[in-house]
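Below is one structure, written out as structure tokens; comments come after it.
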Amino acid sequence: MATFQAPRGTADILPDVQPLWRFVTETAREVALRHGYARLDTPIFEATGLFVRGVGEGTDIVDKEMYSFRDKGGDDLTLRPEATAALCRAYLEHGLQNGPRPVKLFTIGPFFRHDKPQAGRYRQFQQFNCEAIGEIDPAVDAEIIQVAWRFYRELGLHDLALALNSIGCPKCRPNYLDALRAYSEAHFDDLCHDCQGRLARNPLRLLDCKNPRCQALMAGAPKTTDYLCAECADHFAGVRRFLGILGIPYQIDHRLVRGLDYYTKTVFEVLPAETGGQSAIGGGGRYDGLIEQLGGHPTPAVGFATGLERVILNLQRQGVTPESTAPPLVYVVHRGAGADEAAWQLARSIREAGWPAVVSFGGRSIKAQMRNANALGAGWAAILQENEVQAGTVTLRNLRDHAEEVLPQSKIAARLRRD
Ligand code: HAM
């Protein structure tokens with residue numbers, strides 16, 4: 001047993017799953033660009049205060065899950081637990097509000113939460129994240145959902161459900177919270193211990209408690225959508241209209257509130273049917289107050305993020321394997337006087353022409369080298385023995401159909417190009 005293992009809740013991404021990762025991240029990048037989103041990558045760590053203020057005290061992320069530390073210069077920093085607050089910080093810092101609106105941004109990268117590890121839940125995970133900043137039109141909410149939906153579709157994920165809700169704004173939410181508090185206080189003794197605490201700190205979180213008794217109780221709780229002000233109700237109607245236009249099916253989920261404090265109006269999650277609706281593969285919503293909270297002018301915004309490990313888990317469950325687009329490997333086999341020098345030169349010219357090539361090490365027999373080439377899944381063996389070296393030729397063997405031909409070493413790139 002090795003002395004060290006990857007830290008709990010983290011995982012190595014081994015070579016055999018790299019094609020799936022490449023497929024997922026390339027699809028994300030391509031779908032985002034196609035919808036007019038530009039890439040912006042922020043640092044892995046930020047000032048702790050950014051997330052405390054942005055995501056909110058009283059949320060699980062801020063209260064329990066942040067990797068926070070004081071660095072050697074005395075700065076309080078946190079490994080980013082999410083992208084939205086960081087992207088808004090970058091938007092303000094670089095004056096992006098002066099450009100055309102909405103400012104549409106995406107990012108892909110690792111995030112960190114000290115969560116309880118289990119299938120699909122990690123302490124380091126990757127997200128594909130999109131944000132549209134500076135536009136209140138409900139069509140933008142629908143577009144953000146469309147980007148997520150398109151991404152899942154192009155990967156070949158099926159049986160996904162979109163849950164949608166509106167949780168109002170600072171104008172109408174207090175009325176709703178009063179009603180929710182009154183309802184919950186009347187059932188106080190039936191609430192789980194956590195929810196009894198949440199009632200005072202963050203009552204909205206009662207709605208998505210995982211305890212079955214609380215869930216049963218909350219099924220009868222007042223609905224956020226019954227308390228929306230005229231502006232929020234109109235906005236919600238607009239989002240549903242555009243989702244209809246885009247042909248994206250959804251279900252209203254009155255208990256959907258999301259775990260971050262910055263949301264206003266629209267909230268949504270995408271859930272795979274197979275997990276019984278337990279863990280969302282993606283989620284997002286509108287956050288019209290966040291930019292102002294971070295020191296900017298009042299600026300409406302909406303976004304989503306999807307966890308790539310969860311996406312990959314679902315692709316693996318569905319048996320989706322991306323088609324390999326990588327060119328076949330050329331394995332340079334060599335034996336005899338002068339063959340090693342010719343082998344290294346040949347490998348260099350093959351690589352310069354754009355094909356992957358490896359040279360055998362360690363003076364093995366031709367048979368052992370061929371075994372190695374097959375074990376590596378090489379498409380070609382380029383064989384150099386003394387006779388080839390003297391004649392300036394190479395024997396090229398196709399390892400799929402075993403066809404063999406002898407050609408000048410200088411012609412190998414042109415020959416590979418034909419196949
Ligand atoms: P979130 O719901 O906290 O939202 O995370 C989005 C997605 O990240 C989740 O649906 C899940 O797929 C993945 N995820 C979260 N935590 C973990 C974990 N511990 N392990 C594996 N995957 C995880 C946000 O982060 C918001 N910033 C989304 C957003 C963008 N809202 C507006 N704009």
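Each chain of the structure tokens is named A, B, ... in the order shown, its residues numbered from 1; ligands are numbered from 1 in display order.
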### Shell around A:Phe106 at 9 Å using only C-alpha atoms, local window under 2 positions removed, as a ChimeraX atom specification
/A:29,32-33,37-41,87,104,108,128-132
### Message
What does the list of residues within 9 Å of ligand 1 look like if you count only C-alpha atoms and all ligand atoms, written as an MDAnalysis selection string?
### Response
chainID A and resid 9 55 61 81:85 111:132 258:260 262:263 267 269:271 279:287 301:311
May I have a table of the residues of stretch 191-276 of chain A lying at most 7 Å from stretch 157-179 of chain A, giving each one's closest pair of atoms and their distance in Å to one decimal, counting only C-alpha atoms, ordered by chain and ascending residue number, as JSON lines?
```
{"residue": "A:Pro222", "atom": "CA", "partner": "A:Ala179", "partner_atom": "CA", "distance": 6.7}
{"residue": "A:Thr224", "atom": "CA", "partner": "A:Ile167", "partner_atom": "CA", "distance": 5.5}
{"residue": "A:Thr225", "atom": "CA", "partner": "A:Ser166", "partner_atom": "CA", "distance": 6.2}
{"residue": "A:Tyr227", "atom": "CA", "partner": "A:Tyr176", "partner_atom": "CA", "distance": 5.6}
{"residue": "A:Leu228", "atom": "CA", "partner": "A:Gly168", "partner_atom": "CA", "distance": 5.5}
{"residue": "A:Cys229", "atom": "CA", "partner": "A:Cys172", "partner_atom": "CA", "distance": 5.4}
{"residue": "A:Cys232", "atom": "CA", "partner": "A:Gly168", "partner_atom": "CA", "distance": 5.8}
{"residue": "A:Phe236", "atom": "CA", "partner": "A:Ser166", "partner_atom": "CA", "distance": 6.5}
{"residue": "A:Pro249", "atom": "CA", "partner": "A:Leu162", "partner_atom": "CA", "distance": 6.9}
{"residue": "A:Tyr250", "atom": "CA", "partner": "A:Leu162", "partner_atom": "CA", "distance": 4.7}
{"residue": "A:Gln251", "atom": "CA", "partner": "A:Ala163", "partner_atom": "CA", "distance": 5.0}
{"residue": "A:Ile252", "atom": "CA", "partner": "A:Leu164", "partner_atom": "CA", "distance": 4.8}
{"residue": "A:Asp253", "atom": "CA", "partner": "A:Ala163", "partner_atom": "CA", "distance": 5.6}
{"residue": "A:His254", "atom": "CA", "partner": "A:Asn165", "partner_atom": "CA", "distance": 6.1}
{"residue": "A:Leu256", "atom": "CA", "partner": "A:Asn165", "partner_atom": "CA", "distance": 6.2}
{"residue": "A:Val257", "atom": "CA", "partner": "A:Ile167", "partner_atom": "CA", "distance": 6.7}
{"residue": "A:Thr264", "atom": "CA", "partner": "A:Cys169", "partner_atom": "CA", "distance": 5.1}
{"residue": "A:Lys265", "atom": "CA", "partner": "A:Gly168", "partner_atom": "CA", "distance": 4.3}
{"residue": "A:Thr266", "atom": "CA", "partner": "A:Ser166", "partner_atom": "CA", "distance": 4.4}
{"residue": "A:Val267", "atom": "CA", "partner": "A:Asn165", "partner_atom": "CA", "distance": 5.3}
{"residue": "A:Phe268", "atom": "CA", "partner": "A:Leu164", "partner_atom": "CA", "distance": 4.5}
{"residue": "A:Glu269", "atom": "CA", "partner": "A:Ala163", "partner_atom": "CA", "distance": 5.3}
{"residue": "A:Val270", "atom": "CA", "partner": "A:Leu162", "partner_atom": "CA", "distance": 4.6}
{"residue": "A:Leu271", "atom": "CA", "partner": "A:Ala161", "partner_atom": "CA", "distance": 5.2}
{"residue": "A:Pro272", "atom": "CA", "partner": "A:Leu160", "partner_atom": "CA", "distance": 4.6}
{"residue": "A:Ala273", "atom": "CA", "partner": "A:Asp159", "partner_atom": "CA", "distance": 5.6}
```
#### Entry: Residues within 10 Å of A:Ile366, only C-alpha atoms, excluding chain neighbours under 3 positions, as an MDAnalysis selection string
chainID A and resid 333:335 360 363 369:372 383:385
### Task
Please identify all polymer residues within 7 Å of stretch 13-19 of chain A, counting only C-alpha atoms, omitting same-chain residues fewer than 3 positions from it, and present them as JSON, numbers by chain.
{"A": [22, 23, 322]}
Output file for the selection above: N, CA and C atoms, as a CSV table (one decimal), in the first residue's frame:
```
chain,number,residue,atom,x,y,z
A,22,ARG,N,-12.3,15.3,-22.0
A,22,ARG,CA,-12.1,16.2,-23.1
A,22,ARG,C,-13.4,16.5,-23.9
A,23,PHE,N,-14.1,15.4,-24.1
A,23,PHE,CA,-15.4,15.5,-24.8
A,23,PHE,C,-16.4,16.5,-24.0
A,322,PRO,N,-17.2,8.7,-26.0
A,322,PRO,CA,-16.9,9.6,-27.2
A,322,PRO,C,-16.1,8.9,-28.2
```
Counting only C-alpha atoms, what are the residues of stretch 210-315 of chain A within 9 Å of stretch 185-190 of chain A, and for each of them which pair of atoms is the nearest and at what distance in Å, to one decimal? Sort the table by chain and rising number, as CSV.
```
residue,atom,partner,partner_atom,distance
A:Arg213,CA,A:Asp190,CA,7.5
A:Cys214,CA,A:Asp190,CA,7.5
A:Leu217,CA,A:His187,CA,8.0
```
### Query
Please, what distance in Å, to one decimal, runs between atom CA of A:Asp141 and atom CA of A:Glu30?
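Between atom CA of A:Asp141 and atom CA of A:Glu30 the gap is 19.8 Å.
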### Query
A:Ala391: which residues within 12 Å, counting only C-alpha atoms, same-chain residues fewer than 6 positions away excluded, as JSON, numbers by chain?
{"A": [338, 339, 342, 384, 385, 406, 407, 408, 409, 410]}
#### Entry: Selected residue, from A:Gly36, A:Gly295, A:Pro102, A:Gly354, that lies nearest to A:Leu50 when counting only C-alpha atoms
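Smallest distance to A:Leu50 is found for A:Gly295.
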### Message
Give me, as number ranges by chain, all polymer residues having an atom no more than 12 Å from A:Ile350, counting only C-alpha atoms and skipping those fewer than 2 positions away in the same chain.
### Response
A: 327-332, 343-348, 352-359, 380, 382, 409-417
### Task
Mind the document's chain letters and residue numbers, and return as a VMD selection string the residues of stretch 48-217 of chain A that DSSP labels alpha helix (DSSP H).
chain A and resid 48 to 55 60 84 to 93 138 to 155 173 to 186 193 to 201 212 to 217
### Query
Using the chain letters and numbers from this document, which residues of stretch 145-376 of chain A does DSSP assign to strand (DSSP E), as a ChimeraX atom specification?
/A:160-166,251-252,264-272,282-286,301-307,330-335,357-359
